[in-house]
Amino acid sequence: MQSPEQLRQHFEIERALAARLRGATDKAERRALYGEVYRERSELIPHHPLVAQAGDAAAREIAVAPQVRLLSRFVAPDSSFCELGAGDGAVARALGPRVRSAVAFDVTDALALPDDESAHFSFRVFDGFELPLPPDSIDVAYSNDVVEHLHPDDVRDHARAVLGVLRRGGVYVCVTPNRLSGPHDVSRHFSQTAEGFHLHEYTVTELARLFRQVGFSRVLIVLSVGGRQLTPRLPAGAIAWVEAPLALLPQSPRRFLVTGLAAVKVVAVK
């Protein structure tokens, strides 16, 4: 756990790094910046929770277990799986023995686990835009706390890239914190708005609309807590009836009233 002094340092460093991404109006500039700022974050904030977790096998296993439990409902032994914004790639590594292939992508290999052929696992660095995979080659794509880290002008490119590598009927399981209970990055301790690496947080309704616009055939939701699925897959439109009135509430009470929305996971179908 970070001390108050470490938390303040984390906030100030991340806010400064995020400002570079927010201020980059050129897509080519952002391609280079993603890897640069995330590598700098790992170097400048050694007490960052993700950095600490990457060096602690027991903590990593605890964090990965519910994600693997959730994804186990979407994969089969002959599935091709990819994890986006994977950090150390631990989820793909843990899922590897259950699938035909599991590849993890991140903009930096600062925290990367080594490739493991026996576990069908590999780690690749990418620019945050282009996925170096053949078209129609992936059955299940997954991201956890990733889309909110993208510049708003890049999210559609990200969704199109995922759509392009998915097979027909393949799914993108997208887990992201809900804007209505945000901000969710380190700035939540100091500000009413996301000023760190959460460049833009989304509601489920907003994200579902974006996925449909880029060409996904259906967008569904499941409710899952601790990786245990509580509902069947439901149309994403069902959550709009909940989010719309909640969005009208003032931020302070809303943040505490809508924490249950964290259980909602988005499943976009090609």
# chains A, B, ... in the order shown; residues from 1 in each chain; ligands from 1

$ closest_atom_pairs --of "segment 196-257 of chain A" --to "segment 167-190 of chain A" --cutoff "6 Å" --atoms "only C-alpha atoms" --output "JSON lines"
{"residue": "A:Gly196", "atom": "CA", "partner": "A:Ser187", "partner_atom": "CA", "distance": 6.0}
{"residue": "A:His198", "atom": "CA", "partner": "A:Asp185", "partner_atom": "CA", "distance": 5.9}
{"residue": "A:Glu201", "atom": "CA", "partner": "A:Arg179", "partner_atom": "CA", "distance": 4.9}
{"residue": "A:Tyr202", "atom": "CA", "partner": "A:Arg179", "partner_atom": "CA", "distance": 4.9}
{"residue": "A:Thr203", "atom": "CA", "partner": "A:Asn178", "partner_atom": "CA", "distance": 5.1}
{"residue": "A:Arg255", "atom": "CA", "partner": "A:Ser181", "partner_atom": "CA", "distance": 4.0}

$ residues_around --residues "Leu133 of chain A" --least-positions-apart "4" --cutoff "9 Å" --atoms "only C-alpha atoms" --output "JSON, numbers by chain"
{"A": [137, 138, 165]}

$ select_by_dssp --residues "segment 8-91 of chain A" --states "helix (DSSP H, G or I)" --output "PyMOL selection string"
chain A and resi 8-22+27-44+49-54+57-71+90-91

$ closest_residue --among "A:Leu150, A:Val258, A:Leu21, A:Ala240" --to "Gly85 of chain A" --atoms "only C-alpha atoms"
A:Leu150

$ residues_around --residues "Val140 of chain A" --least-positions-apart "4" --cutoff "12 Å" --atoms "only C-alpha atoms" --output "PyMOL selection string"
chain A and resi 71-84+92+95+99-103+136+162-163+165-174+267-270

$ closest_residue --among "A:Val222, A:Ala208, A:Leu50, A:Ala90" --to "Tyr38 of chain A" --atoms "only C-alpha atoms"
A:Leu50

$ atom_distance --atom1 "atom CA of Leu261 of chain A" --atom2 "atom CA of His158 of chain A"
23.5 Å

$ closest_residue --among "A:Ala52, A:Ala194, A:Val37, A:Val155" --to "Phe211 of chain A" --atoms "only C-alpha atoms"
A:Val155

$ closest_residue --among "A:Leu230, A:Leu220, A:Val204, A:Ala112" --to "Glu243 of chain A" --atoms "only C-alpha atoms"
A:Val204

$ closest_residue --among "A:Leu113, A:Ile13, A:Ala19, A:Ala159" --to "Phe216 of chain A" --atoms "only C-alpha atoms"
A:Ala159

$ closest_residue --among "A:Arg160, A:Arg218, A:Arg93, A:Arg254" --to "Glu61 of chain A" --atoms "only C-alpha atoms"
A:Arg93

$ atom_distance --atom1 "atom CA of Ala247 of chain A" --atom2 "atom CA of Gly226 of chain A"
25.7 Å

$ atom_distance --atom1 "atom CA of Val219 of chain A" --atom2 "atom CA of Gly237 of chain A"
8.4 Å

$ residues_around --residues "Ala238 of chain A" --least-positions-apart "4" --cutoff "9 Å" --atoms "only C-alpha atoms" --output "number ranges by chain"
A: 221, 234, 242
